[in-house]
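Text of the file upload_37.txt, holding compact mmCIF, C-alpha atoms:
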# COMPACT_ATOMS: atom_id res chain seq x y z
CA MET A 1 92.12 -21.68 -15.46
CA HIS A 2 92.15 -21.62 -19.24
CA LYS A 3 94.52 -24.56 -19.24
CA ALA A 4 92.14 -26.73 -17.20
CA GLU A 5 89.19 -25.78 -19.42
CA LEU A 6 91.13 -26.57 -22.57
CA GLN A 7 92.19 -29.94 -21.14
CA ASN A 8 88.59 -30.77 -20.31
CA LEU A 9 87.55 -30.05 -23.90
CA LEU A 10 90.41 -32.15 -25.30
CA ASP A 11 89.37 -35.02 -23.04
CA TYR A 12 85.71 -34.67 -24.05
CA VAL A 13 86.58 -34.92 -27.74
CA ALA A 14 89.08 -37.74 -27.16
CA ILE A 15 86.43 -39.82 -25.39
CA ARG A 16 83.89 -39.17 -28.15
CA GLN A 17 86.46 -40.35 -30.69
CA LEU A 18 87.06 -43.42 -28.51
CA ASN A 19 83.31 -44.14 -28.65
CA ALA A 20 83.41 -43.81 -32.44
CA LYS A 21 86.29 -46.28 -32.72
CA TYR A 22 84.54 -48.67 -30.33
CA ASN A 23 81.44 -48.70 -32.50
CA ARG A 24 83.38 -49.36 -35.70
CA TYR A 25 85.53 -52.16 -34.30
CA ALA A 26 82.40 -53.74 -32.80
CA ASP A 27 80.63 -53.51 -36.18
CA GLN A 28 83.62 -55.11 -37.88
CA ALA A 29 83.89 -57.81 -35.19
CA ASP A 30 87.56 -56.82 -34.92
CA GLY A 31 88.15 -58.16 -31.43
CA GLU A 32 91.83 -57.31 -31.26
CA SER A 33 91.43 -53.59 -32.07
CA TYR A 34 88.26 -53.48 -29.98
CA SER A 35 89.85 -54.93 -26.86
CA SER A 36 92.74 -52.44 -27.13
CA LEU A 37 90.23 -49.69 -26.27
CA PHE A 38 89.84 -51.21 -22.80
CA THR A 39 92.38 -51.17 -19.97
CA GLU A 40 94.18 -54.48 -19.56
CA ASP A 41 92.19 -55.32 -16.43
CA ALA A 42 88.87 -53.93 -17.73
CA GLN A 43 85.46 -55.41 -17.01
CA PHE A 44 82.80 -55.47 -19.73
CA HIS A 45 79.38 -56.36 -18.40
CA ILE A 46 76.39 -57.08 -20.64
CA VAL A 47 73.39 -57.03 -18.33
CA GLY A 48 71.50 -60.33 -18.52
CA GLU A 49 74.22 -62.01 -20.57
CA GLY A 50 77.63 -62.05 -18.90
CA THR A 51 80.78 -60.33 -17.67
CA TYR A 52 84.06 -60.39 -19.58
CA ILE A 53 87.29 -59.62 -17.74
CA GLY A 54 90.53 -58.59 -19.44
CA ARG A 55 91.31 -58.04 -23.10
CA GLU A 56 91.31 -61.68 -24.15
CA GLN A 57 87.78 -62.38 -22.97
CA ILE A 58 86.59 -59.01 -24.27
CA ALA A 59 88.07 -59.65 -27.71
CA ALA A 60 86.44 -63.07 -27.89
CA ARG A 61 83.03 -61.62 -26.99
CA CYS A 62 83.43 -59.00 -29.74
CA ASN A 63 84.33 -61.59 -32.34
CA ALA A 64 81.17 -63.56 -31.53
CA THR A 65 78.75 -60.87 -32.74
CA THR A 66 79.16 -60.18 -36.43
CA THR A 67 75.77 -58.79 -37.41
CA ALA A 68 75.25 -55.70 -35.27
CA VAL A 69 75.71 -52.03 -36.11
CA HIS A 70 76.59 -50.01 -32.98
CA VAL A 71 75.44 -46.40 -32.85
CA THR A 72 76.07 -44.03 -29.95
CA THR A 73 75.09 -40.44 -29.57
CA GLU A 74 75.10 -37.58 -27.02
CA PRO A 75 77.03 -38.70 -23.93
CA GLU A 76 76.81 -37.33 -20.42
CA LEU A 77 80.49 -37.07 -19.57
CA ASP A 78 82.01 -36.18 -16.23
CA ILE A 79 85.79 -35.90 -16.46
CA SER A 80 87.91 -35.48 -13.35
CA GLY A 81 91.68 -35.69 -13.66
CA ASP A 82 92.61 -39.12 -15.00
CA THR A 83 89.21 -40.75 -14.64
CA ALA A 84 85.87 -40.14 -16.30
CA GLN A 85 82.28 -41.34 -15.95
CA GLN A 86 80.14 -41.68 -19.06
CA ARG A 87 76.53 -42.52 -19.72
CA VAL A 88 75.66 -42.67 -23.39
CA ARG A 89 72.60 -43.73 -25.34
CA MET A 90 73.10 -46.49 -27.90
CA LEU A 91 71.08 -47.91 -30.75
CA THR A 92 71.65 -51.29 -32.35
CA VAL A 93 70.85 -52.09 -35.95
CA LEU A 94 71.03 -55.46 -37.67
CA GLN A 95 73.25 -55.93 -40.71
CA ASP A 96 73.86 -59.27 -42.38
CA GLY A 97 76.94 -58.12 -44.29
CA GLU A 98 75.30 -59.07 -47.58
CA GLY A 99 73.03 -56.05 -47.93
CA THR A 100 69.82 -58.04 -47.73
CA ARG A 101 68.81 -57.27 -44.14
CA ASN A 102 69.11 -54.00 -42.18
CA GLU A 103 66.67 -53.38 -39.35
CA PHE A 104 66.41 -51.48 -36.09
CA VAL A 105 67.04 -53.89 -33.19
CA ALA A 106 67.11 -52.13 -29.83
CA SER A 107 68.05 -49.06 -27.82
CA GLY A 108 70.14 -49.18 -24.68
CA TRP A 109 72.77 -47.49 -22.54
CA TYR A 110 76.48 -47.73 -22.07
CA ILE A 111 77.50 -46.79 -18.54
CA ASP A 112 81.26 -46.39 -18.32
CA GLU A 113 84.18 -45.69 -16.10
CA LEU A 114 87.20 -44.59 -18.10
CA LYS A 115 90.87 -44.13 -17.26
CA ARG A 116 93.53 -41.97 -18.86
CA THR A 117 96.45 -44.22 -19.79
CA ALA A 118 99.75 -43.73 -21.62
CA GLU A 119 97.84 -44.74 -24.82
CA GLY A 120 94.97 -42.32 -24.17
CA TRP A 121 91.53 -42.79 -22.65
CA ARG A 122 90.41 -46.40 -22.21
CA TYR A 123 87.26 -48.09 -20.89
CA HIS A 124 87.99 -49.51 -17.46
CA HIS A 125 84.46 -50.67 -16.75
CA ARG A 126 81.74 -50.75 -19.40
CA ARG A 127 78.20 -51.82 -18.64
CA VAL A 128 75.62 -52.36 -21.40
CA GLU A 129 71.94 -52.23 -20.57
CA LEU A 130 69.43 -52.92 -23.31
CA ASP A 131 65.82 -51.71 -23.36
CA LEU A 132 64.78 -55.03 -24.89
CA ASP A 133 65.27 -58.39 -23.21
CA ILE A 134 68.78 -59.59 -24.12
CA ASN A 135 67.49 -62.89 -25.43
CA MET A 136 65.15 -61.11 -27.83
CA VAL A 137 68.10 -58.95 -28.94
CA LEU A 138 70.41 -61.90 -29.50
CA GLU A 139 67.65 -63.72 -31.36
CA LYS A 140 67.28 -60.74 -33.69
CA VAL A 141 70.99 -60.29 -34.47
CA LYS A 142 71.79 -63.97 -35.03
CA MET B 143 90.49 -13.77 -29.53
CA HIS B 144 91.57 -17.12 -28.06
CA LYS B 145 89.45 -16.44 -25.01
CA ALA B 146 86.29 -15.96 -27.09
CA GLU B 147 86.99 -19.10 -29.11
CA LEU B 148 87.56 -21.15 -25.98
CA GLN B 149 84.33 -19.83 -24.46
CA ASN B 150 82.42 -20.79 -27.60
CA LEU B 151 83.74 -24.36 -27.38
CA LEU B 152 82.88 -24.60 -23.69
CA ASP B 153 79.35 -23.41 -24.46
CA TYR B 154 79.02 -25.86 -27.36
CA VAL B 155 79.95 -28.79 -25.12
CA ALA B 156 77.81 -27.53 -22.23
CA ILE B 157 74.74 -27.39 -24.47
CA ARG B 158 75.41 -30.87 -25.84
CA GLN B 159 75.61 -32.15 -22.28
CA LEU B 160 72.35 -30.33 -21.54
CA ASN B 161 70.77 -32.19 -24.47
CA ALA B 162 72.07 -35.49 -23.06
CA LYS B 163 70.57 -34.77 -19.65
CA TYR B 164 67.28 -33.71 -21.25
CA ASN B 165 67.03 -37.02 -23.09
CA ARG B 166 67.72 -39.09 -19.99
CA TYR B 167 65.30 -37.24 -17.73
CA ALA B 168 62.64 -37.50 -20.45
CA ASP B 169 63.28 -41.26 -20.77
CA GLN B 170 62.97 -41.65 -17.01
CA ALA B 171 59.84 -39.46 -16.88
CA ASP B 172 61.61 -37.48 -14.15
CA GLY B 173 59.63 -34.29 -14.53
CA GLU B 174 61.31 -32.43 -11.70
CA SER B 175 64.88 -32.85 -12.99
CA TYR B 176 63.64 -32.38 -16.56
CA SER B 177 61.89 -29.08 -15.88
CA SER B 178 65.01 -27.75 -14.12
CA LEU B 179 66.71 -27.74 -17.54
CA PHE B 180 64.31 -25.02 -18.67
CA THR B 181 64.28 -21.38 -17.58
CA GLU B 182 61.53 -20.63 -15.07
CA ASP B 183 59.45 -18.83 -17.67
CA ALA B 184 60.22 -21.27 -20.50
CA GLN B 185 57.81 -22.31 -23.22
CA PHE B 186 57.77 -25.90 -24.46
CA HIS B 187 55.74 -26.33 -27.62
CA ILE B 188 54.88 -29.74 -29.09
CA VAL B 189 53.57 -28.99 -32.57
CA GLY B 190 50.07 -30.39 -33.02
CA GLU B 191 49.71 -31.23 -29.35
CA GLY B 192 50.11 -28.26 -27.00
CA THR B 193 52.19 -25.58 -25.33
CA TYR B 194 53.46 -25.84 -21.77
CA ILE B 195 54.53 -22.69 -19.95
CA GLY B 196 56.75 -22.65 -16.87
CA ARG B 197 58.40 -25.47 -14.99
CA GLU B 198 55.28 -26.87 -13.36
CA GLN B 199 53.42 -27.46 -16.62
CA ILE B 200 56.60 -28.72 -18.30
CA ALA B 201 57.26 -31.22 -15.50
CA ALA B 202 53.70 -32.51 -15.68
CA ARG B 203 53.97 -33.03 -19.44
CA CYS B 204 57.22 -34.96 -18.95
CA ASN B 205 55.68 -37.22 -16.32
CA ALA B 206 52.84 -38.11 -18.68
CA THR B 207 55.06 -39.94 -21.22
CA THR B 208 56.75 -42.96 -19.69
CA THR B 209 57.43 -45.14 -22.71
CA ALA B 210 59.64 -43.08 -25.01
CA VAL B 211 63.40 -43.17 -25.55
CA HIS B 212 64.69 -39.75 -26.65
CA VAL B 213 67.74 -39.68 -28.91
CA THR B 214 69.37 -36.53 -30.26
CA THR B 215 72.36 -36.17 -32.47
CA GLU B 216 74.37 -33.55 -34.40
CA PRO B 217 73.03 -30.07 -33.52
CA GLU B 218 73.35 -26.88 -35.49
CA LEU B 219 74.29 -24.48 -32.71
CA ASP B 220 74.66 -20.74 -32.98
CA ILE B 221 75.94 -19.24 -29.73
CA SER B 222 76.07 -15.49 -29.22
CA GLY B 223 76.90 -14.14 -25.78
CA ASP B 224 74.28 -15.34 -23.32
CA THR B 225 71.81 -16.73 -25.83
CA ALA B 226 71.94 -19.59 -28.29
CA GLN B 227 69.85 -21.01 -31.10
CA GLN B 228 69.79 -24.74 -31.66
CA ARG B 229 68.25 -27.04 -34.23
CA VAL B 230 68.83 -30.70 -33.55
CA ARG B 231 67.56 -33.92 -35.09
CA MET B 232 65.78 -36.31 -32.76
CA LEU B 233 64.67 -39.91 -32.96
CA THR B 234 62.09 -41.51 -30.70
CA VAL B 235 62.07 -45.17 -29.76
CA LEU B 236 59.40 -47.03 -27.81
CA GLN B 237 60.32 -48.83 -24.58
CA ASP B 238 57.79 -50.47 -22.31
CA GLY B 239 60.14 -50.68 -19.33
CA GLU B 240 59.67 -54.44 -19.16
CA GLY B 241 62.00 -55.35 -21.99
CA THR B 242 59.30 -56.84 -24.17
CA ARG B 243 58.83 -54.00 -26.67
CA ASN B 244 61.44 -51.71 -28.25
CA GLU B 245 60.67 -50.19 -31.64
CA PHE B 246 61.53 -47.15 -33.74
CA VAL B 247 58.72 -44.61 -33.47
CA ALA B 248 59.50 -41.38 -35.29
CA SER B 249 62.10 -38.80 -36.27
CA GLY B 250 61.69 -35.10 -35.62
CA TRP B 251 63.38 -31.82 -34.74
CA TYR B 252 63.98 -29.80 -31.62
CA ILE B 253 64.20 -26.10 -32.40
CA ASP B 254 65.48 -24.19 -29.39
CA GLU B 255 66.30 -20.85 -27.94
CA LEU B 256 68.62 -21.16 -24.95
CA LYS B 257 69.75 -18.74 -22.27
CA ARG B 258 72.85 -18.72 -20.11
CA THR B 259 71.72 -18.55 -16.47
CA ALA B 260 73.48 -18.68 -13.10
CA GLU B 261 72.89 -22.48 -13.19
CA GLY B 262 74.25 -22.85 -16.72
CA TRP B 263 72.55 -23.09 -20.13
CA ARG B 264 68.80 -23.64 -20.03
CA TYR B 265 66.09 -24.06 -22.67
CA HIS B 266 64.06 -20.87 -22.86
CA HIS B 267 61.90 -21.93 -25.78
CA ARG B 268 61.83 -25.49 -27.09
CA ARG B 269 59.73 -26.52 -30.06
CA VAL B 270 59.28 -30.16 -31.07
CA GLU B 271 58.25 -31.02 -34.59
CA LEU B 272 57.68 -34.65 -35.49
CA ASP B 273 57.90 -36.12 -38.98
CA LEU B 274 54.94 -38.36 -38.18
CA ASP B 275 51.50 -37.08 -37.26
CA ILE B 276 51.52 -36.49 -33.49
CA ASN B 277 48.43 -38.64 -32.98
CA MET B 278 50.14 -41.57 -34.70
CA VAL B 279 53.16 -40.99 -32.47
CA LEU B 280 51.13 -40.84 -29.26
CA GLU B 281 49.24 -43.93 -30.31
CA LYS B 282 52.53 -45.81 -30.75
CA VAL B 283 54.08 -44.79 -27.40
CA LYS B 284 51.02 -45.41 -25.27
CA MET C 285 101.11 -25.97 -28.22
CA HIS C 286 97.89 -24.65 -26.74
CA LYS C 287 97.20 -22.80 -29.94
CA ALA C 288 97.39 -25.98 -32.03
CA GLU C 289 95.16 -27.85 -29.59
CA LEU C 290 92.59 -25.08 -29.59
CA GLN C 291 92.61 -24.99 -33.40
CA ASN C 292 92.03 -28.73 -33.52
CA LEU C 293 88.99 -28.40 -31.27
CA LEU C 294 87.60 -25.53 -33.33
CA ASP C 295 88.01 -27.62 -36.48
CA TYR C 296 86.38 -30.64 -34.84
CA VAL C 297 83.31 -28.61 -33.90
CA ALA C 298 83.20 -26.82 -37.26
CA ILE C 299 83.14 -30.16 -39.09
CA ARG C 300 80.41 -31.52 -36.83
CA GLN C 301 78.35 -28.42 -37.58
CA LEU C 302 79.03 -28.98 -41.27
CA ASN C 303 77.65 -32.51 -40.90
CA ALA C 304 74.54 -31.09 -39.20
CA LYS C 305 73.97 -28.63 -42.04
CA TYR C 306 74.52 -31.37 -44.61
CA ASN C 307 71.85 -33.53 -43.02
CA ARG C 308 69.31 -30.73 -42.88
CA TYR C 309 69.83 -29.55 -46.45
CA ALA C 310 69.62 -33.16 -47.63
CA ASP C 311 66.35 -33.64 -45.70
CA GLN C 312 64.95 -30.49 -47.24
CA ALA C 313 66.15 -31.48 -50.73
CA ASP C 314 67.75 -28.02 -50.90
CA GLY C 315 70.31 -28.82 -53.57
CA GLU C 316 71.77 -25.34 -53.81
CA SER C 317 72.59 -24.98 -50.11
CA TYR C 318 73.64 -28.62 -49.99
CA SER C 319 76.10 -28.38 -52.85
CA SER C 320 77.68 -25.28 -51.30
CA LEU C 321 78.99 -27.57 -48.53
CA PHE C 322 81.22 -29.28 -51.09
CA THR C 323 84.32 -27.88 -52.77
CA GLU C 324 83.67 -26.76 -56.33
CA ASP C 325 85.50 -29.78 -57.75
CA ALA C 326 84.15 -32.26 -55.19
CA GLN C 327 83.26 -35.86 -55.88
CA PHE C 328 80.22 -37.44 -54.24
CA HIS C 329 80.12 -41.18 -54.65
CA ILE C 330 77.10 -43.31 -53.68
CA VAL C 331 78.36 -46.88 -53.74
CA GLY C 332 76.28 -48.99 -56.12
CA GLU C 333 74.47 -45.98 -57.51
CA GLY C 334 76.73 -43.38 -59.08
CA THR C 335 79.34 -40.63 -58.82
CA TYR C 336 78.50 -36.94 -58.98
CA ILE C 337 81.24 -34.45 -59.81
CA GLY C 338 81.05 -30.73 -59.09
CA ARG C 339 78.35 -28.69 -57.42
CA GLU C 340 75.84 -28.77 -60.27
CA GLN C 341 75.65 -32.57 -60.42
CA ILE C 342 75.71 -32.82 -56.63
CA ALA C 343 72.83 -30.34 -56.27
CA ALA C 344 70.77 -32.25 -58.84
CA ARG C 345 71.31 -35.53 -56.99
CA CYS C 346 70.21 -33.91 -53.73
CA ASN C 347 67.05 -32.52 -55.29
CA ALA C 348 66.10 -35.99 -56.54
CA THR C 349 65.62 -37.50 -53.05
CA THR C 350 62.84 -35.77 -51.15
CA THR C 351 61.74 -38.43 -48.67
CA ALA C 352 64.82 -39.24 -46.61
CA VAL C 353 65.83 -38.06 -43.14
CA HIS C 354 69.62 -38.05 -42.76
CA VAL C 355 71.04 -38.72 -39.30
CA THR C 356 74.73 -38.81 -38.46
CA THR C 357 76.40 -39.42 -35.16
CA GLU C 358 79.84 -39.92 -33.58
CA PRO C 359 82.52 -39.28 -36.26
CA GLU C 360 86.08 -40.50 -36.30
CA LEU C 361 87.85 -37.31 -37.34
CA ASP C 362 91.50 -36.92 -38.21
CA ILE C 363 92.39 -33.28 -38.84
CA SER C 364 95.79 -32.30 -40.18
CA GLY C 365 96.39 -28.69 -41.22
CA ASP C 366 93.98 -27.83 -44.01
CA THR C 367 92.69 -31.33 -44.72
CA ALA C 368 90.69 -33.80 -42.70
CA GLN C 369 89.56 -37.41 -42.97
CA GLN C 370 86.20 -38.39 -41.55
CA ARG C 371 84.32 -41.64 -41.11
CA VAL C 372 80.89 -41.25 -39.64
CA ARG C 373 77.97 -43.58 -39.05
CA MET C 374 74.68 -42.59 -40.66
CA LEU C 375 71.09 -43.69 -40.33
CA THR C 376 68.37 -43.03 -42.87
CA VAL C 377 64.71 -42.66 -42.01
CA LEU C 378 61.79 -42.33 -44.41
CA GLN C 379 59.54 -39.29 -44.22
CA ASP C 380 56.77 -38.59 -46.70
CA GLY C 381 56.40 -34.92 -45.78
CA GLU C 382 52.74 -35.46 -44.95
CA GLY C 383 53.20 -37.08 -41.56
CA THR C 384 51.69 -40.39 -42.57
CA ARG C 385 54.87 -42.46 -42.97
CA ASN C 386 58.07 -42.41 -40.92
CA GLU C 387 60.16 -45.58 -40.80
CA PHE C 388 63.75 -46.69 -40.28
CA VAL C 389 65.33 -47.36 -43.67
CA ALA C 390 69.01 -48.24 -43.42
CA SER C 391 72.32 -47.65 -41.68
CA GLY C 392 75.50 -46.78 -43.53
CA TRP C 393 78.76 -44.85 -43.50
CA TYR C 394 80.00 -41.56 -44.84
CA ILE C 395 83.71 -41.69 -45.61
CA ASP C 396 85.04 -38.20 -46.30
CA GLU C 397 87.98 -36.14 -47.27
CA LEU C 398 87.52 -32.50 -46.30
CA LYS C 399 89.38 -29.31 -47.15
CA ARG C 400 89.63 -26.03 -45.32
CA THR C 401 88.56 -23.26 -47.71
CA ALA C 402 88.02 -19.51 -47.43
CA GLU C 403 84.35 -20.32 -46.64
CA GLY C 404 85.27 -22.91 -43.99
CA TRP C 405 85.48 -26.71 -44.09
CA ARG C 406 84.00 -28.36 -47.18
CA TYR C 407 83.59 -31.95 -48.37
CA HIS C 408 86.09 -32.62 -51.12
CA HIS C 409 85.31 -36.29 -51.52
CA ARG C 410 82.31 -37.93 -49.89
CA ARG C 411 81.58 -41.62 -50.22
CA VAL C 412 78.34 -43.17 -49.00
CA GLU C 413 78.17 -46.87 -48.25
CA LEU C 414 74.87 -48.38 -47.17
CA ASP C 415 74.45 -51.57 -45.17
CA LEU C 416 71.41 -52.44 -47.25
CA ASP C 417 71.49 -52.98 -51.01
CA ILE C 418 71.08 -49.55 -52.62
CA ASN C 419 68.17 -50.73 -54.74
CA MET C 420 66.30 -51.86 -51.65
CA VAL C 421 67.03 -48.47 -50.08
CA LEU C 422 65.84 -46.50 -53.10
CA GLU C 423 62.73 -48.64 -53.28
CA LYS C 424 61.95 -47.83 -49.63
CA VAL C 425 62.42 -44.05 -49.90
CA LYS C 426 60.52 -43.58 -53.14
Using C-alpha cells, write down the structure from this file.
Amino acid sequence: MHKAELQNLLDYVAIRQLNAKYNRYADQADGESYSSLFTEDAQFHIVGEGTYIGREQIAARCNATTTAVHVTTEPELDISGDTAQQRVRMLTVLQDGEGTRNEFVASGWYIDELKRTAEGWRYHHRRVELDLDINMVLEKVK
Amino acid sequence: MHKAELQNLLDYVAIRQLNAKYNRYADQADGESYSSLFTEDAQFHIVGEGTYIGREQIAARCNATTTAVHVTTEPELDISGDTAQQRVRMLTVLQDGEGTRNEFVASGWYIDELKRTAEGWRYHHRRVELDLDINMVLEKVK
Amino acid sequence: MHKAELQNLLDYVAIRQLNAKYNRYADQADGESYSSLFTEDAQFHIVGEGTYIGREQIAARCNATTTAVHVTTEPELDISGDTAQQRVRMLTVLQDGEGTRNEFVASGWYIDELKRTAEGWRYHHRRVELDLDINMVLEKVK
C-alpha cells in the first residue's frame, strides 16, 4: 500500500515539474526542447486555432510564438498506472523580450492526457482552451 | 516516522487538489459540487461582503458569481492530524463566458481551516480577503 | 531507495512552503522574517537594480517595498543532498494597502540556489529577473 501511495506522489511531482518545463520552453520559443515533452505521436490542439500532430509540427507551432509568458498553477491530476489526466488553469502574459511591454493577456485551461514513457511522463494529448477569443489573444501577443 | 511523513505528503497533495477543484467549480458557478467541498456546518466568510453558513447558503453564493476565474497558487499548509490550516494567495480574473472580455481583477488571500472527513479533506472555515475593495471587485465582475 | 524518494518529496514540499512564506513576508514588508529565509551569508540579486548581501541588507531591501504582491507558481526544482537549484515563475501585482488600487505589474523569474540548514531549507543565492524594465516596475509599485 505504501509503495503505491509513494509512487502516486512521485508521479504527481514529476508531472508538475513537466508543466514547469513546458512553460519555460514555451516562453523561450525553444521548439525542440518543448516538443520533447510530448510523446512522438502526440496531438496538441489549440481550440479555435488548429491541431498539431507529432513533434515536428508541435515544435514549429512553439517557435512561432515568441512573446508569451506561460503560467500554470494548481492542477487537478488523476494518475492511474501509466496514464494520467490533467486539467490545469493557465494564465498568459505578454513579454516583448526588450522589457518595454509586459501585460496580462488571458486565462485558460490545459486539458491533458499524459503517458509514462521510458523518458518519464509526456503529454500525449494536450488541449488549450482560452477564456478570450483566440484571435483577440493572438492579436495581443503579436 | 516514515509513515507519518508519507501521510503528511498525501494530505498536502490532497488539499492542493481540493483547492484545484474549488477553483474550477467556482469558475463554473456549480454551487452543488462547490458546496460539497465544505463540511456540512462550514462557514464561508467574504470580508466586507457577508458570511455564508452551511452548504445551502454556500452553494447559493457560488451560483451568484458567474464571471470570475479563480486562481490559487503556493499555499502555506500546516497539517496536524485531522485538521489543517491553510493560507493561500489567490488571483481573480474576469471572464464573460463569450470570449470577449478577460481581464485581471484582483489579488487576495484564502485563509482556511480544514477538516479530514470520511469523504476526504473539506473546508470547515474559509475566509476570503481581497486586496481591492470588495465593491470595486464586484463592480468589475458583474 | 524508497527512503531517498521520500526524502526528495519532503524536500520538494518544504521548498514550496518556503516560497509561500517568502511571498507573504515580502507582501507584508516584514524584513526580519523575510531575511530569516536566507542563509546568513546569502546574496539577493535584483537584476538591473542591485545586490544585497547578508540578512541585514536583505531585510532592509524588503522593508523598502510595501506595495507589491508576490506570486510564485510551478517551480523547476533540482534537489541533490543538501543543496537545491530552483527556477520559478513569478508575477507581481500592485496593492496600495487601502483597497483602492490592485493591478498586474510584471512577470519575472526567481533563479535560486538553496541550502539545507539546521533551520530547514534557506535561499543561499536568489536572483530576480523581471520581464519588464526594472525602472518601469519600480515606477508602477511606488
Of the candidates C:Asn419, C:Gln291, C:Thr357, C:Thr335, which shows the shortest atom-to-atom distance to chain A, using only C-alpha atoms?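 Of the candidates, the smallest distance to chain A is held by C:Thr357.
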For a quick check of understanding, using only C-alpha atoms, which of C:Leu361, C:Leu294, C:Ile395, C:Ala344 has the smallest distance to chain B?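 The answer is C:Leu294, which sits nearest to chain B.
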Residues within 10 Å of Phe104 of chain A, please, as JSON, numbers by chain. Count only C-alpha atoms; anything in the same chain fewer than 5 positions from it doesn't count. {"A": [68, 69, 91, 92, 93, 94, 95, 140], "B": [235, 244, 245, 246], "C": [387, 388, 389, 390, 391]}
Give one line per residue of chain A that approaches chain C to at most 12 Å, naming the two atoms of the closest pair and their distance in Å to one decimal, counting only C-alpha atoms; sort by chain then ascending residue number and deliver it as CSV.
residue,atom,partner,partner_atom,distance
A:His2,CA,C:His286,CA,9.9
A:Lys3,CA,C:His286,CA,8.2
A:Ala4,CA,C:His286,CA,11.3
A:Glu5,CA,C:Leu290,CA,10.7
A:Leu6,CA,C:Leu290,CA,7.3
A:Gln7,CA,C:Glu289,CA,9.2
A:Asn8,CA,C:Leu293,CA,11.2
A:Leu9,CA,C:Leu293,CA,7.7
A:Leu10,CA,C:Leu293,CA,7.2
A:Asp11,CA,C:Leu293,CA,10.6
A:Tyr12,CA,C:Leu293,CA,10.1
A:Val13,CA,C:Leu293,CA,7.8
A:Ala14,CA,C:Glu360,CA,10.0
A:Ile15,CA,C:Glu358,CA,10.5
A:Arg16,CA,C:Glu358,CA,6.8
A:Gln17,CA,C:Glu360,CA,5.6
A:Leu18,CA,C:Glu360,CA,8.4
A:Asn19,CA,C:Glu358,CA,7.4
A:Ala20,CA,C:Glu358,CA,5.4
A:Lys21,CA,C:Glu360,CA,6.8
A:Tyr22,CA,C:Glu360,CA,10.2
A:Asn23,CA,C:Glu358,CA,9.0
A:Arg24,CA,C:Arg373,CA,8.6
A:Tyr25,CA,C:Glu360,CA,11.8
A:Asp27,CA,C:Arg373,CA,10.7
A:Thr67,CA,C:Asp415,CA,10.7
A:Ala68,CA,C:Ser391,CA,10.7
A:Val69,CA,C:Ser391,CA,7.9
A:His70,CA,C:Arg373,CA,8.9
A:Val71,CA,C:Arg373,CA,7.3
A:Thr72,CA,C:Glu358,CA,6.7
A:Thr73,CA,C:Thr357,CA,5.8
A:Glu74,CA,C:Glu358,CA,8.4
A:Pro75,CA,C:Glu358,CA,10.1
A:Val88,CA,C:Glu358,CA,11.4
A:Arg89,CA,C:Thr357,CA,11.4
A:Met90,CA,C:Thr357,CA,10.7
A:Leu91,CA,C:Leu375,CA,10.5
A:Thr92,CA,C:Ser391,CA,10.0
A:Val93,CA,C:Ser391,CA,7.4
A:Leu94,CA,C:Ser391,CA,8.9
A:Gln95,CA,C:Asp415,CA,6.4
A:Asp96,CA,C:Asp415,CA,8.2
A:Gly97,CA,C:Asp415,CA,7.1
A:Glu98,CA,C:Leu416,CA,7.7
A:Gly99,CA,C:Leu416,CA,4.0
A:Thr100,CA,C:Leu416,CA,5.8
A:Arg101,CA,C:Leu416,CA,6.3
A:Asn102,CA,C:Leu416,CA,5.8
A:Glu103,CA,C:Ala390,CA,7.0
A:Phe104,CA,C:Phe388,CA,6.9
A:Val105,CA,C:Phe388,CA,10.6
Work out how far atom CA of Gln327 of chain C is from atom CA of Ala26 of chain A, in Å to one decimal.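 Spanning atom CA of Ala26 of chain A to atom CA of Gln327 of chain C is a straight-line distance of 29.2 Å.
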Would you compute the distance between atom CA of Glu403 of chain C and atom CA of Ala368 of chain C? Give it in Å to one decimal. 15.4 Å
Which residues, written as an MDAnalysis selection string, have at least one atom at most 6 Å from Arg127 of chain A, with only C-alpha atoms counted and residues fewer than 6 positions away on the same chain left out? chainID A and resid 44:46 110:111
Nearest residue to Gly315 of chain C from the set C:Arg410, C:Arg339, C:Val331, C:Cys346 (distances using only C-alpha atoms): C:Cys346
Any idea what the distance is between atom CA of Arg122 of chain A and atom CA of Ala29 of chain A?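 Computing the Euclidean distance for atom CA of Arg122 of chain A and atom CA of Ala29 of chain A yields 18.5 Å.
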When you look at segment 407-409 of chain C with a cut-off of 6 Å (counting all atoms listed in the file), what residues show up, excluding the ones that are within fewer than 3 positions of it in the same chain? I need them as number ranges by chain. C: 322-323, 326-328, 396-398
For Gly338 of chain C, please output as a PyMOL selection string all residues within 7 Å (counting all atoms listed in the file; exclusion window: fewer than 2 positions along the same chain). chain C and resi 324-327+336+340-342
Could you check the closest approach to Ala59 of chain A for each of A:Thr117, A:Gln86, A:Gln28, A:Ser80 and tell me which residue wins, using only C-alpha atoms? A:Gln28
